[in-house]
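Coordinates as given in data-v5.cif (mmCIF, C-alpha atoms and all ligand atoms):
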```
data_model
loop_
_atom_site.label_atom_id
_atom_site.label_comp_id
_atom_site.auth_asym_id
_atom_site.auth_seq_id
_atom_site.Cartn_x
_atom_site.Cartn_y
_atom_site.Cartn_z
CA MET A 1 0.00 0.00 0.00
CA LYS A 2 1.13 3.50 -0.79
CA LEU A 3 0.39 6.06 1.89
CA MET A 4 0.63 9.83 2.06
CA VAL A 5 0.90 11.97 5.19
CA VAL A 6 0.20 15.69 4.93
CA GLY A 7 2.23 17.78 7.40
CA GLY A 8 5.84 18.16 8.41
CA GLY A 9 6.44 18.18 12.17
CA GLY A 10 7.24 15.81 15.03
CA ARG A 11 3.65 14.62 15.18
CA GLU A 12 3.79 13.58 11.53
CA HIS A 13 7.11 11.80 12.09
CA ALA A 14 5.52 9.81 14.94
CA ILE A 15 2.55 8.91 12.73
CA ILE A 16 4.85 7.84 9.87
CA LYS A 17 7.05 5.67 12.10
CA LYS A 18 3.96 3.92 13.46
CA LEU A 19 2.36 3.43 10.04
CA LYS A 20 5.60 1.84 8.81
CA GLU A 21 5.13 -1.02 11.26
CA ASN A 22 2.38 -2.42 9.02
CA PRO A 23 4.04 -4.95 6.65
CA ASN A 24 1.60 -4.11 3.81
CA VAL A 25 2.88 -0.54 3.66
CA THR A 26 5.32 -0.27 0.76
CA GLU A 27 5.90 3.47 0.61
CA ILE A 28 5.00 6.58 2.59
CA PHE A 29 5.17 10.07 1.12
CA ALA A 30 5.36 13.09 3.43
CA LEU A 31 4.04 16.43 2.11
CA PRO A 32 6.26 18.28 2.85
CA GLY A 33 7.77 16.32 5.79
CA ASN A 34 11.22 17.49 6.90
CA GLY A 35 14.82 16.38 6.43
CA GLY A 36 14.84 14.49 9.73
CA MET A 37 12.29 12.00 8.39
CA ALA A 38 14.14 11.16 5.19
CA ASP A 39 15.07 7.66 6.44
CA ASP A 40 11.45 6.81 7.14
CA CYS A 41 9.59 8.17 4.11
CA THR A 42 9.87 9.95 0.78
CA LEU A 43 9.78 13.73 1.05
CA VAL A 44 7.64 15.61 -1.46
CA SER A 45 8.05 19.37 -1.59
CA ILE A 46 4.38 20.29 -1.54
CA GLY A 47 3.21 22.43 1.39
CA ALA A 48 0.42 21.27 3.70
CA LEU A 49 -1.81 24.11 2.52
CA GLU A 50 -1.35 23.53 -1.21
CA ILE A 51 -4.52 21.51 -1.49
CA GLU A 52 -4.77 21.40 -5.29
CA LYS A 53 -1.20 20.14 -5.56
CA ILE A 54 -1.77 17.62 -2.77
CA VAL A 55 -4.77 16.19 -4.60
CA ALA A 56 -2.95 16.11 -7.94
CA PHE A 57 -0.01 14.30 -6.33
CA ALA A 58 -2.29 11.75 -4.65
CA VAL A 59 -4.08 10.97 -7.90
CA GLU A 60 -0.87 10.77 -9.97
CA SER A 61 0.91 8.60 -7.41
CA LYS A 62 -2.11 6.32 -6.93
CA ILE A 63 -2.13 6.84 -3.17
CA ASP A 64 -4.16 4.14 -1.39
CA TYR A 65 -4.71 6.04 1.86
CA ALA A 66 -4.00 9.59 3.00
CA VAL A 67 -3.55 11.01 6.50
CA VAL A 68 -4.13 14.74 6.86
CA ALA A 69 -2.50 15.63 10.18
CA PRO A 70 -2.45 19.44 10.75
CA ASP A 71 -5.45 21.61 11.61
CA ASP A 72 -5.32 24.17 8.82
CA PRO A 73 -5.57 21.85 5.79
CA LEU A 74 -8.39 20.00 7.57
CA VAL A 75 -10.27 23.25 8.21
CA LEU A 76 -9.64 24.26 4.57
CA GLY A 77 -11.21 21.05 3.25
CA CYS A 78 -8.21 18.91 2.27
CA VAL A 79 -10.08 15.70 3.14
CA ASP A 80 -13.13 16.79 1.14
CA ALA A 81 -10.91 17.52 -1.88
CA LEU A 82 -9.10 14.16 -1.66
CA GLU A 83 -12.31 12.20 -1.14
CA ALA A 84 -13.84 13.90 -4.18
CA LYS A 85 -11.11 12.18 -6.21
CA GLY A 86 -11.76 8.84 -4.55
CA ILE A 87 -8.77 8.88 -2.16
CA PRO A 88 -9.74 7.46 1.26
CA CYS A 89 -8.51 9.68 4.11
CA PHE A 90 -7.94 9.83 7.83
CA GLY A 91 -9.28 13.10 9.19
CA PRO A 92 -12.53 15.06 9.36
CA ARG A 93 -14.16 16.93 6.50
CA ALA A 94 -14.21 20.73 6.72
CA ASN A 95 -17.74 20.84 8.10
CA ALA A 96 -16.57 18.79 11.12
CA ALA A 97 -13.08 20.30 11.44
CA ILE A 98 -14.90 23.53 12.35
CA ILE A 99 -15.00 22.11 15.90
CA GLU A 100 -11.41 23.39 16.10
CA GLY A 101 -11.61 26.03 13.37
CA SER A 102 -14.16 28.17 15.20
CA LYS A 103 -14.22 28.58 18.98
CA VAL A 104 -17.61 30.30 18.67
CA PHE A 105 -18.93 27.18 16.93
CA SER A 106 -17.50 24.82 19.56
CA LYS A 107 -18.68 26.91 22.53
CA ASN A 108 -22.20 27.19 21.08
CA LEU A 109 -22.21 23.44 20.38
CA MET A 110 -21.32 22.70 24.00
CA LYS A 111 -23.97 25.09 25.31
CA LYS A 112 -26.67 23.65 23.02
CA TYR A 113 -25.93 20.04 23.99
CA GLY A 114 -25.12 20.56 27.68
CA ILE A 115 -21.43 19.57 27.45
CA PRO A 116 -19.48 20.95 30.45
CA THR A 117 -17.21 23.90 29.59
CA ALA A 118 -16.31 27.36 30.93
CA LYS A 119 -19.14 29.94 30.90
CA TYR A 120 -18.69 32.40 28.04
CA GLU A 121 -19.96 35.28 25.94
CA VAL A 122 -19.37 35.85 22.20
CA PHE A 123 -18.61 39.32 20.82
CA THR A 124 -18.53 40.64 17.26
CA GLU A 125 -18.28 44.32 18.32
CA MET A 126 -15.29 45.65 20.23
CA ASP A 127 -17.27 48.22 22.23
CA ALA A 128 -19.61 45.57 23.57
CA ALA A 129 -16.64 43.38 24.55
CA LEU A 130 -14.94 46.28 26.36
CA ALA A 131 -18.16 47.17 28.18
CA TYR A 132 -18.58 43.55 29.28
CA LEU A 133 -15.06 43.53 30.72
CA GLU A 134 -16.02 46.33 33.15
CA THR A 135 -17.89 43.80 35.27
CA ALA A 136 -16.31 40.48 34.19
CA PRO A 137 -14.56 38.46 36.90
CA ILE A 138 -10.73 38.57 36.80
CA PRO A 139 -8.70 36.57 35.72
CA THR A 140 -10.62 36.24 32.48
CA VAL A 141 -9.85 34.37 29.28
CA ILE A 142 -10.00 36.00 25.82
CA LYS A 143 -10.00 33.75 22.76
CA ALA A 144 -9.88 34.64 19.07
CA ASP A 145 -12.56 32.69 17.18
CA GLY A 146 -10.39 31.18 14.46
CA LEU A 147 -7.05 29.39 14.14
CA ALA A 148 -4.15 31.48 15.43
CA LEU A 149 -1.18 29.08 15.51
CA GLY A 150 -1.98 28.29 19.14
CA LYS A 151 -1.50 31.93 20.14
CA GLY A 152 -5.10 33.14 20.13
CA VAL A 153 -5.75 32.57 23.85
CA ILE A 154 -4.93 35.25 26.44
CA ILE A 155 -5.34 34.67 30.17
CA ALA A 156 -5.74 38.22 31.46
CA GLN A 157 -4.79 38.78 35.10
CA THR A 158 -6.08 42.37 35.16
CA LYS A 159 -8.89 44.32 33.52
CA GLU A 160 -6.27 46.37 31.63
CA GLU A 161 -4.61 43.27 30.20
CA ALA A 162 -8.01 41.96 29.13
CA LYS A 163 -8.84 45.22 27.35
CA THR A 164 -5.47 45.26 25.60
CA ALA A 165 -6.11 41.70 24.36
CA VAL A 166 -9.53 42.64 23.00
CA VAL A 167 -8.15 45.72 21.21
CA SER A 168 -5.26 43.76 19.71
CA MET A 169 -7.62 41.12 18.34
CA MET A 170 -10.60 43.25 17.24
CA GLN A 171 -9.06 46.61 16.33
CA ASP A 172 -5.42 45.88 15.48
CA LYS A 173 -6.40 42.54 13.88
CA LYS A 174 -3.41 40.74 15.38
CA PHE A 175 -4.82 37.40 14.21
CA GLY A 176 -6.47 38.74 11.04
CA LYS A 177 -9.92 37.32 10.37
CA SER A 178 -9.52 34.87 13.26
CA GLY A 179 -10.12 37.74 15.70
CA GLU A 180 -13.22 39.24 14.05
CA GLN A 181 -15.28 37.38 16.61
CA ILE A 182 -13.99 36.64 20.09
CA VAL A 183 -15.03 34.55 23.06
CA ILE A 184 -14.59 35.87 26.59
CA GLU A 185 -14.82 33.05 29.08
CA GLU A 186 -14.62 32.09 32.71
CA PHE A 187 -11.16 31.21 34.05
CA LEU A 188 -11.10 27.58 35.17
CA GLU A 189 -8.66 25.95 37.55
CA GLY A 190 -7.37 22.42 37.84
CA PRO A 191 -4.94 20.02 36.19
CA GLU A 192 -5.14 19.70 32.41
CA VAL A 193 -5.48 16.41 30.58
CA SER A 194 -5.24 15.75 26.84
CA VAL A 195 -7.32 12.88 25.53
CA LEU A 196 -6.99 12.05 21.85
CA SER A 197 -9.69 9.74 20.53
CA PHE A 198 -10.42 7.77 17.40
CA THR A 199 -13.95 8.16 16.11
CA ASP A 200 -15.90 7.00 13.07
CA GLY A 201 -19.00 8.98 14.02
CA LYS A 202 -20.61 5.95 15.67
CA THR A 203 -18.04 4.93 18.29
CA VAL A 204 -15.48 6.96 20.25
CA VAL A 205 -12.34 5.16 21.38
CA PRO A 206 -10.20 7.27 23.70
CA MET A 207 -6.46 6.75 23.39
CA ILE A 208 -4.19 6.70 26.40
CA SER A 209 -4.35 10.07 28.22
CA SER A 210 -1.44 12.49 28.25
CA MET A 211 -0.16 15.75 29.76
CA ASP A 212 1.41 18.54 27.73
CA HIS A 213 3.86 21.12 29.12
CA LYS A 214 3.04 24.29 27.23
CA ARG A 215 5.26 26.88 28.90
CA ALA A 216 8.80 27.43 27.64
CA LYS A 217 10.61 27.23 30.98
CA ASP A 218 10.88 24.95 34.00
CA GLY A 219 8.23 25.31 36.68
CA ASP A 220 5.64 26.34 34.04
CA GLU A 221 7.27 29.75 33.66
CA GLY A 222 7.90 31.66 30.45
CA LEU A 223 5.82 32.03 27.33
CA ASN A 224 3.28 29.61 25.94
CA THR A 225 4.74 27.36 23.24
CA GLY A 226 3.47 24.62 20.97
CA GLY A 227 4.46 22.18 23.76
CA MET A 228 7.84 21.44 25.37
CA GLY A 229 7.20 17.85 26.38
CA THR A 230 4.58 15.28 27.26
CA ILE A 231 4.00 12.26 29.44
CA ALA A 232 1.46 9.45 29.24
CA PRO A 233 -0.65 8.25 30.90
CA ASN A 234 -1.81 11.34 32.80
CA PRO A 235 -2.25 10.47 36.51
CA TYR A 236 -5.10 12.98 36.87
CA TYR A 237 -7.14 10.96 34.40
CA THR A 238 -8.37 8.39 36.89
CA LYS A 239 -10.89 5.63 36.09
CA ASP A 240 -13.60 7.75 37.67
CA VAL A 241 -12.69 10.82 35.61
CA ALA A 242 -12.47 8.69 32.46
CA GLY A 243 -15.97 7.31 33.08
CA ARG A 244 -17.40 10.80 33.55
CA CYS A 245 -15.62 12.08 30.45
CA MET A 246 -17.05 9.33 28.27
CA LYS A 247 -20.59 9.93 29.56
CA GLU A 248 -20.59 13.71 29.89
CA ILE A 249 -18.20 14.80 27.14
CA PHE A 250 -16.97 12.26 24.55
CA LEU A 251 -20.22 10.55 23.52
CA PRO A 252 -22.30 13.75 23.78
CA THR A 253 -19.80 15.56 21.53
CA MET A 254 -19.88 12.83 18.88
CA GLN A 255 -23.68 12.73 19.01
CA ALA A 256 -23.93 16.54 18.90
CA MET A 257 -21.80 16.64 15.74
CA ASN A 258 -24.02 13.97 14.15
CA ALA A 259 -27.16 15.88 15.12
CA GLU A 260 -25.72 18.99 13.46
CA GLY A 261 -25.06 17.03 10.24
CA ARG A 262 -21.32 17.31 10.84
CA THR A 263 -20.25 13.72 11.50
CA PHE A 264 -16.67 13.72 12.76
CA LYS A 265 -14.31 10.99 11.57
CA GLY A 266 -10.63 10.88 12.48
CA CYS A 267 -8.88 11.98 15.66
CA LEU A 268 -10.94 14.16 17.96
CA TYR A 269 -8.75 15.72 20.63
CA PHE A 270 -10.32 16.73 23.95
CA GLY A 271 -8.36 19.35 25.90
CA LEU A 272 -9.82 18.94 29.39
CA MET A 273 -9.50 20.61 32.75
CA ILE A 274 -10.32 18.55 35.82
CA THR A 275 -12.06 21.19 37.94
CA LYS A 276 -13.53 20.72 41.38
CA ASP A 277 -16.93 20.48 39.65
CA GLY A 278 -15.70 17.71 37.36
CA PRO A 279 -14.06 17.52 33.93
CA LYS A 280 -14.71 20.41 31.54
CA VAL A 281 -13.71 21.03 27.94
CA ILE A 282 -11.05 23.72 27.45
CA GLU A 283 -10.75 23.13 23.73
CA TYR A 284 -11.39 20.66 20.96
CA ASN A 285 -8.84 19.93 18.26
CA CYS A 286 -9.75 18.16 15.03
CA ARG A 287 -6.43 16.28 14.85
CA PHE A 288 -3.67 14.55 16.76
CA GLY A 289 -1.90 16.78 19.30
CA ASP A 290 1.74 17.76 19.01
CA PRO A 291 3.68 16.62 21.10
CA GLU A 292 0.96 14.36 22.61
CA THR A 293 1.20 12.03 19.61
CA GLN A 294 4.88 11.47 20.37
CA VAL A 295 3.96 9.72 23.65
CA VAL A 296 0.59 8.24 22.70
CA LEU A 297 1.51 6.37 19.50
CA PRO A 298 4.62 4.65 20.91
CA LEU A 299 2.24 3.06 23.46
CA LEU A 300 -0.26 1.88 20.82
CA GLU A 301 0.01 -1.89 20.42
CA SER A 302 -2.61 -2.25 17.67
CA ASP A 303 -1.83 -1.51 14.04
CA LEU A 304 -2.32 2.23 13.42
CA LEU A 305 -3.26 1.91 9.75
CA THR A 306 -5.98 -0.65 10.54
CA VAL A 307 -7.46 1.61 13.21
CA MET A 308 -7.30 4.67 10.95
CA GLN A 309 -9.02 2.80 8.12
CA ALA A 310 -11.73 1.70 10.57
CA THR A 311 -12.53 5.36 11.31
CA THR A 312 -12.91 5.97 7.58
CA ASN A 313 -15.01 2.84 6.95
CA GLY A 314 -17.20 3.13 10.04
CA THR A 315 -15.99 -0.18 11.50
CA LEU A 316 -14.30 1.12 14.64
CA SER A 317 -16.55 -0.85 17.02
CA GLU A 318 -15.23 -4.10 15.50
CA THR A 319 -11.59 -3.03 15.59
CA GLU A 320 -9.22 -3.64 18.46
CA VAL A 321 -7.47 -0.51 19.78
CA LYS A 322 -5.05 -1.64 22.44
CA PHE A 323 -2.54 0.40 24.41
CA SER A 324 0.32 -0.98 26.45
CA ASP A 325 0.22 -0.40 30.21
CA LYS A 326 3.65 1.20 30.10
CA SER A 327 4.43 4.91 30.46
CA ALA A 328 6.08 7.32 28.05
CA CYS A 329 7.89 10.65 28.27
CA CYS A 330 8.80 12.96 25.37
CA VAL A 331 11.28 15.80 25.86
CA ILE A 332 11.32 18.49 23.17
CA LEU A 333 14.70 19.92 22.19
CA ALA A 334 14.11 23.45 20.96
CA SER A 335 16.29 26.27 19.68
CA ASP A 336 17.25 28.66 22.47
CA GLY A 337 14.99 31.71 22.25
CA TYR A 338 11.92 29.79 21.06
CA PRO A 339 9.01 30.76 20.96
CA LEU A 340 10.40 34.23 20.07
CA SER A 341 13.47 34.64 17.89
CA TYR A 342 16.14 31.95 17.57
CA GLN A 343 19.00 30.91 15.33
CA LYS A 344 18.90 27.86 13.13
CA GLY A 345 21.20 25.94 10.79
CA PHE A 346 23.20 24.08 13.47
CA GLU A 347 24.24 20.50 12.78
CA ILE A 348 22.31 17.89 14.77
CA GLN A 349 24.26 14.90 16.03
CA MET A 350 22.69 11.96 17.80
CA SER A 351 23.56 8.44 18.81
CA GLU A 352 21.89 5.62 16.85
CA LYS A 353 19.91 4.75 19.96
CA ALA A 354 18.61 8.29 20.39
CA LYS A 355 17.84 8.58 16.68
CA ALA A 356 15.63 5.49 16.81
CA GLN A 357 13.47 7.16 19.44
CA THR A 358 13.49 10.68 18.01
CA PHE A 359 10.72 12.45 16.13
CA VAL A 360 12.10 15.34 14.15
CA ALA A 361 10.03 18.53 13.99
CA GLY A 362 12.25 21.17 12.41
CA ALA A 363 15.33 20.12 10.45
CA VAL A 364 16.73 20.12 6.90
CA LEU A 365 19.22 17.86 5.17
CA LYS A 366 22.08 19.77 3.55
CA ASP A 367 25.10 18.07 2.00
CA GLY A 368 24.31 14.93 4.00
CA LYS A 369 24.13 16.81 7.29
CA LEU A 370 20.99 17.30 9.37
CA LEU A 371 20.62 20.96 10.39
CA SER A 372 18.22 22.53 12.87
CA ASN A 373 15.54 24.50 11.05
CA GLY A 374 12.83 25.49 13.50
CA GLY A 375 11.85 26.53 17.00
CA ARG A 376 11.00 23.03 18.09
CA VAL A 377 13.72 20.91 16.53
CA LEU A 378 12.96 17.39 17.74
CA GLY A 379 11.38 15.32 20.47
CA VAL A 380 12.89 12.24 22.04
CA THR A 381 10.56 9.65 23.57
CA ALA A 382 11.28 6.85 26.02
CA THR A 383 8.79 4.18 27.06
CA ALA A 384 9.26 2.16 30.25
CA ASN A 385 7.33 0.17 32.82
CA THR A 386 6.90 3.18 35.10
CA LEU A 387 6.72 6.92 34.61
CA PRO A 388 9.86 7.70 36.66
CA GLU A 389 11.85 5.27 34.49
CA ALA A 390 10.43 6.75 31.27
CA ILE A 391 11.42 10.25 32.40
CA THR A 392 14.94 9.20 33.38
CA GLN A 393 15.43 7.37 30.09
CA ALA A 394 14.08 10.23 27.97
CA TYR A 395 16.57 12.62 29.59
CA ALA A 396 19.39 10.10 29.15
CA LEU A 397 18.56 9.96 25.43
CA ALA A 398 18.38 13.77 25.25
CA ASP A 399 21.97 13.80 26.52
CA GLU A 400 22.95 11.77 23.44
CA ILE A 401 21.66 14.50 21.10
CA HIS A 402 23.67 17.64 20.35
CA PHE A 403 23.28 20.84 18.40
CA ASP A 404 24.49 24.33 19.26
CA ASN A 405 21.83 26.43 21.01
CA ALA A 406 19.73 23.37 21.98
CA PHE A 407 17.36 24.13 24.84
CA TYR A 408 15.01 21.88 26.77
CA ARG A 409 12.98 21.85 29.95
CA ARG A 410 14.44 19.75 32.76
CA ASP A 411 11.15 19.11 34.55
CA ILE A 412 8.93 17.28 32.06
CA GLY A 413 6.76 14.88 34.06
CA LYS A 414 7.55 16.42 37.44
CA ARG A 415 3.98 17.51 38.10
CA ALA A 416 2.71 14.07 37.13
CA LEU A 417 5.19 12.43 39.51
CA ARG A 418 3.94 14.68 42.32
CA ALA A 419 0.38 13.63 41.53
CA LEU A 420 1.38 9.97 41.70
CA GLU A 421 2.89 10.52 45.14
CA GLU A 422 -0.22 12.29 46.52
P1 LIG B 501 -6.19 26.57 24.03
O1 LIG B 501 -5.42 27.14 22.88
O2 LIG B 501 -7.68 26.78 23.95
O3 LIG B 501 -5.76 25.16 24.34
O4 LIG B 501 -5.69 27.35 25.32
C1 LIG B 501 -4.35 27.38 25.65
C2 LIG B 501 -4.19 27.17 27.12
O5 LIG B 501 -4.83 28.26 27.80
C3 LIG B 501 -4.86 25.93 27.67
O6 LIG B 501 -4.05 24.80 27.55
C4 LIG B 501 -5.09 26.31 29.10
O7 LIG B 501 -3.89 26.14 29.85
C5 LIG B 501 -5.37 27.79 29.03
N1 LIG B 501 -6.81 28.04 29.06
C6 LIG B 501 -7.66 28.09 28.00
N2 LIG B 501 -8.91 28.34 28.40
C7 LIG B 501 -8.87 28.45 29.75
C8 LIG B 501 -9.86 28.71 30.76
N3 LIG B 501 -11.15 28.92 30.47
N4 LIG B 501 -9.44 28.76 32.04
C9 LIG B 501 -8.13 28.57 32.38
N5 LIG B 501 -7.17 28.32 31.46
C10 LIG B 501 -7.53 28.27 30.16
N1 LIG B 502 -0.20 20.15 22.25
C1 LIG B 502 -1.37 20.89 22.00
C2 LIG B 502 -1.91 20.81 20.65
O1 LIG B 502 -1.50 20.00 19.83
O2 LIG B 502 -2.81 21.57 20.34
#
```
Kindly return the structure encoded in the file as C-alpha cells.
Amino acid sequence: MKLMVVGGGGREHAIIKKLKENPNVTEIFALPGNGGMADDCTLVSIGALEIEKIVAFAVESKIDYAVVAPDDPLVLGCVDALEAKGIPCFGPRANAAIIEGSKVFSKNLMKKYGIPTAKYEVFTEMDAALAYLETAPIPTVIKADGLALGKGVIIAQTKEEAKTAVVSMMQDKKFGKSGEQIVIEEFLEGPEVSVLSFTDGKTVVPMISSMDHKRAKDGDEGLNTGGMGTIAPNPYYTKDVAGRCMKEIFLPTMQAMNAEGRTFKGCLYFGLMITKDGPKVIEYNCRFGDPETQVVLPLLESDLLTVMQATTNGTLSETEVKFSDKSACCVILASDGYPLSYQKGFEIQMSEKAKAQTFVAGAVLKDGKLLSNGGRVLGVTATANTLPEAITQAYALADEIHFDNAFYRRDIGKRALRALEE
C-alpha cells in the first residue's frame, strides 16, 4: 500500500514511524515532511496548505490512503478535496473540522448540547466586549474565534490586560480574520489532561491520556509554546474521571456533531480541565496533538493503519485498539529563544539509539548533514514500565543528542510524579 501523510512536524514523524510497522505498507510520502524523516519516508516538496497540488499528487501517485495531520488543511477542506477524487482519508471533513476552526462554533455546540465547559460570551463588536469587561470576573480568558497558531488565547490577570487583548484582536487585527469574533470566558482551575480519541462517528475510542507542558521554561514559567514535552498516561485521568468524560463529554460531543449534520471521523482531541466540579472542555482539536502524539503512539500496540481505516469505513466498534500499560515521556529539544526569535542551521548529532526514538520537527538535510531548522527541533521519547523510568530514560537519550543552542525543559513529568505521590 502507498500512503501519504500531509504535514511536516514531530507529530507527523511519529505517525509515519507507526504506520511503517504495518508490513503491507510499501511506501509513505510526506508532504512536505522534513529532512529528519528522510530515512522513514519519501519527502515531497508540496506544502500542507497547497490543497490542489496535494490532490494532484495523490491521484498521480495512486495513493491508497491519505492522512491529513495538521489543523489548517483539515479546516480548509483537504479531506473533502481528496475524497472527491476517490482517495480514502484519515481526518474530518471541513464541516466537522470547524470544531477546532471556530471557537464560537464549539462553545455554542457545547452550550446547546449541555457539554461541560467554561461559561462564556461571544462578541462581534469591540465596544460591547470592552463594556462587558467592566464587570467580568478577573482573571478572564479571551479567545480569538479562528485558528491562530496556538497563540489566540490570552489569560488576562487584570482588567487592563483583558482590554489590551480585545483591542489587539478586534481593532489591530493581530490574528487577522480569526479575531473578528472573540469569546470571553470564565477562568477555570485544575490540572489539564489531553485525551486524543479515534472516532468514526458511531463509536469513540479514547487513546491513552497524556499531559502537555506548554510553557517554555521549568516550573511552568515563560511564554506559551506549541508544547515542550509530554508524558502518558496522565495520573489525573483516573478511572472515575475517564468514566465521567465518556458519559458527559466524549459521547455527547460525537452525538452533537451527528445531530448537526457534521459527523466527525478521524482523531478528535479533547483538551480537558479537571475542575472541582468535574471535567470540563477547554478546547477541541480536530487532529492529533503535538507533542501528545509522540507519547501516545509509541504506546499503541494495535496496528495504526488498521485503526485509521476503521474510522474511515465506520468499522471502529469491530476493531481492536489496544494500548500498552507502560508509560512514556517525550522531551522536546528546541532552539534557544523559542518561541520568540532563535537561530537555526546548526548541525544535529545523535547516537543511533537516540535517533531510533526521536521524532524530528524542524530540520533540513544539507550536504548529508541534518541541520536545525525550526523553533522546536525534535522530540525524544522513552517508554518504560513506570513513569519515573520513562522520564529518566528520555533525559538520558536527550543527553545523546547535540546541536548548538539546543534548549530543553528539565522538569517534564515532574507535576505528574507529584500527583502519583499524593
Ligand atoms: P487553548 O489554545 O484553547 O488550548 O488554550 C491554551 C491554554 O490556555 C490551555 O491549555 C489552558 O492552559 C489555558 N486556558 C484556555 N482556556 C482556559 C480557561 N477557560 N481557564 C483557564 N485556562 C484556560
Ligand atoms: N499540544 C497541543 C496541541 O496539539 O494543540
Which residues of range 224-282 of chain A come within 8 Å of range 171-195 of chain A, and what is each one's closest atom pair and distance in Å (one decimal), counting only C-alpha atoms, sorted by chain and residue number, as CSV?
```
residue,atom,partner,partner_atom,distance
A:Asn234,CA,A:Val193,CA,6.6
A:Tyr236,CA,A:Pro191,CA,7.1
A:Tyr237,CA,A:Val193,CA,6.9
A:Tyr269,CA,A:Val195,CA,5.8
A:Phe270,CA,A:Val195,CA,5.1
A:Gly271,CA,A:Ser194,CA,4.9
A:Leu272,CA,A:Val193,CA,5.2
A:Met273,CA,A:Glu192,CA,4.5
A:Ile274,CA,A:Gly190,CA,5.3
A:Thr275,CA,A:Gly190,CA,4.8
A:Lys276,CA,A:Gly190,CA,7.3
```
For a test of reading the model, state the distance in Å between CA of Val307 in chain A and CA of Glu83 in chain A, rounded to one decimal. 18.5 Å
Min atom-atom distance to Gly201 in chain A from the set A:Asn224, A:Asn313, A:Asn108, A:Thr293, counting all atoms listed in the file, belongs to A:Asn313
Which residues are near Leu3 in chain A? Cut-off 8 Å, all atoms listed in the file, ignore same chain within fewer than 6 positions. Put them as a ChimeraX atom specification. /A:25,27-29,63-67
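Of the residues listed (A:Arg376, A:Lys119, A:Arg11, A:Lys265), A:Arg11 shows the shortest atom-to-atom separation from Asp290 in chain A; distances use all atoms listed in the file.
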Chain A residues near ligand LIG 502 (chain B) within 10 Å, closest pair each, using only C-alpha atoms and all ligand atoms, as CSV:
```
residue,atom,partner,partner_atom,distance
A:Arg11,CA,B:LIG502,O1,8.8
A:Pro70,CA,B:LIG502,O1,9.1
A:Asp71,CA,B:LIG502,O2,9.1
A:Glu100,CA,B:LIG502,O2,9.8
A:Leu149,CA,B:LIG502,O2,9.1
A:Gly150,CA,B:LIG502,O2,6.9
A:Ser194,CA,B:LIG502,C1,8.1
A:Leu196,CA,B:LIG502,O1,9.9
A:Ser210,CA,B:LIG502,N1,9.8
A:Met211,CA,B:LIG502,N1,8.7
A:Asp212,CA,B:LIG502,N1,5.9
A:His213,CA,B:LIG502,N1,8.0
A:Lys214,CA,B:LIG502,N1,7.2
A:Thr225,CA,B:LIG502,N1,8.8
A:Gly226,CA,B:LIG502,N1,5.9
A:Gly227,CA,B:LIG502,N1,5.3
A:Met228,CA,B:LIG502,N1,8.7
A:Gly229,CA,B:LIG502,N1,8.8
A:Thr230,CA,B:LIG502,N1,8.5
A:Tyr269,CA,B:LIG502,O2,8.3
A:Phe270,CA,B:LIG502,O2,9.6
A:Gly271,CA,B:LIG502,C1,8.2
A:Glu283,CA,B:LIG502,O2,8.8
A:Tyr284,CA,B:LIG502,O2,8.7
A:Asn285,CA,B:LIG502,O2,6.6
A:Cys286,CA,B:LIG502,O2,9.4
A:Arg287,CA,B:LIG502,O1,7.9
A:Phe288,CA,B:LIG502,O1,6.6
A:Gly289,CA,B:LIG502,O1,3.3
A:Asp290,CA,B:LIG502,O1,4.0
A:Pro291,CA,B:LIG502,N1,5.4
A:Glu292,CA,B:LIG502,N1,5.9
A:Thr293,CA,B:LIG502,O1,8.4
```
Kindly give the distance, in Å, that separates CA of Met350 in chain A and CA of Ser302 in chain A, rounded to a single decimal.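 These two atoms are separated by 29.0 Å.
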From the options A:Pro279, A:Ala118, A:Gln157, A:Pro233, which residue's atoms come nearest to Leu420 in chain A, counting all atoms listed in the file?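 Looking at the shortest contact to Leu420 in chain A, the residue is A:Pro233.
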Distance criterion (all atoms listed in the file): nearest to Val204 in chain A out of A:Lys247, A:His13, A:Lys217, A:Lys353: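 When distances to Val204 in chain A are compared using all atoms listed in the file, the smallest one comes from A:Lys247.
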Counting all atoms listed in the file, what is within 12 Å of Phe323 in chain A, bar same-chain residues fewer than 4 positions away, as a PyMOL selection string? chain A and resi 205-209+232-233+295-304+327-328
Shortest interatomic distance to Gly243 in chain A - which of A:Glu52, A:Pro388, A:Gly278, A:Lys111, counting all atoms listed in the file: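 Using all atoms listed in the file, Gly243 in chain A sits closest to A:Gly278.
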Return the padded bounding box of ligand LIG 501 (chain B) as JSON: axis-aligned, built from all atoms listed in the file, 3 Å added on each side, with centre and edge lengths in Å to one decimal.
```
{"center_x": -7.5, "center_y": 26.9, "center_z": 27.6, "size_x": 13.3, "size_y": 10.1, "size_z": 15.5}
```
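By all atoms listed in the file, and with residues fewer than 4 positions from Ala256 in chain A along its chain excluded, the set lying at most 9 Å from it is Leu109, Met110, Lys112, Tyr113, Leu251, Pro252, Glu260, Gly261, Arg262 and Thr263 of chain A.
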Nearest to Lys322 in chain A, chosen from A:Glu421, A:Asp240, A:Phe198, A:Val44, with only C-alpha atoms counted in the distances: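 So, comparing all the options, the nearest one is A:Phe198.
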Write out as a list in words which residues come within 8 Å of Ile249 in chain A when counting only C-alpha atoms, dropping same-chain ones fewer than 5 positions away.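 Listing them by chain and then by number gives Ile115, Pro116, Arg244, Lys280 and Val281 of chain A.
You will find CA of Ile348 in chain A at 10.6 Å from CA of Asn405 in chain A.
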His402 in chain A environment, 10 Å, only C-alpha atoms, sequence neighbours closer than 2 positions dropped, as a PDB file with C-alpha atoms, keeping the file's coordinate frame:
```
ATOM      1  CA  LEU A 333      14.700  19.920  22.190  1.00  0.00           C
ATOM      2  CA  PHE A 346      23.200  24.080  13.470  1.00  0.00           C
ATOM      3  CA  GLU A 347      24.240  20.500  12.780  1.00  0.00           C
ATOM      4  CA  ILE A 348      22.310  17.890  14.770  1.00  0.00           C
ATOM      5  CA  GLN A 349      24.260  14.900  16.030  1.00  0.00           C
ATOM      6  CA  MET A 350      22.690  11.960  17.800  1.00  0.00           C
ATOM      7  CA  SER A 351      23.560   8.440  18.810  1.00  0.00           C
ATOM      8  CA  ALA A 398      18.380  13.770  25.250  1.00  0.00           C
ATOM      9  CA  ASP A 399      21.970  13.800  26.520  1.00  0.00           C
ATOM     10  CA  GLU A 400      22.950  11.770  23.440  1.00  0.00           C
ATOM     11  CA  ASP A 404      24.490  24.330  19.260  1.00  0.00           C
ATOM     12  CA  ASN A 405      21.830  26.430  21.010  1.00  0.00           C
ATOM     13  CA  ALA A 406      19.730  23.370  21.980  1.00  0.00           C
TER      14      ALA A 406
END
```
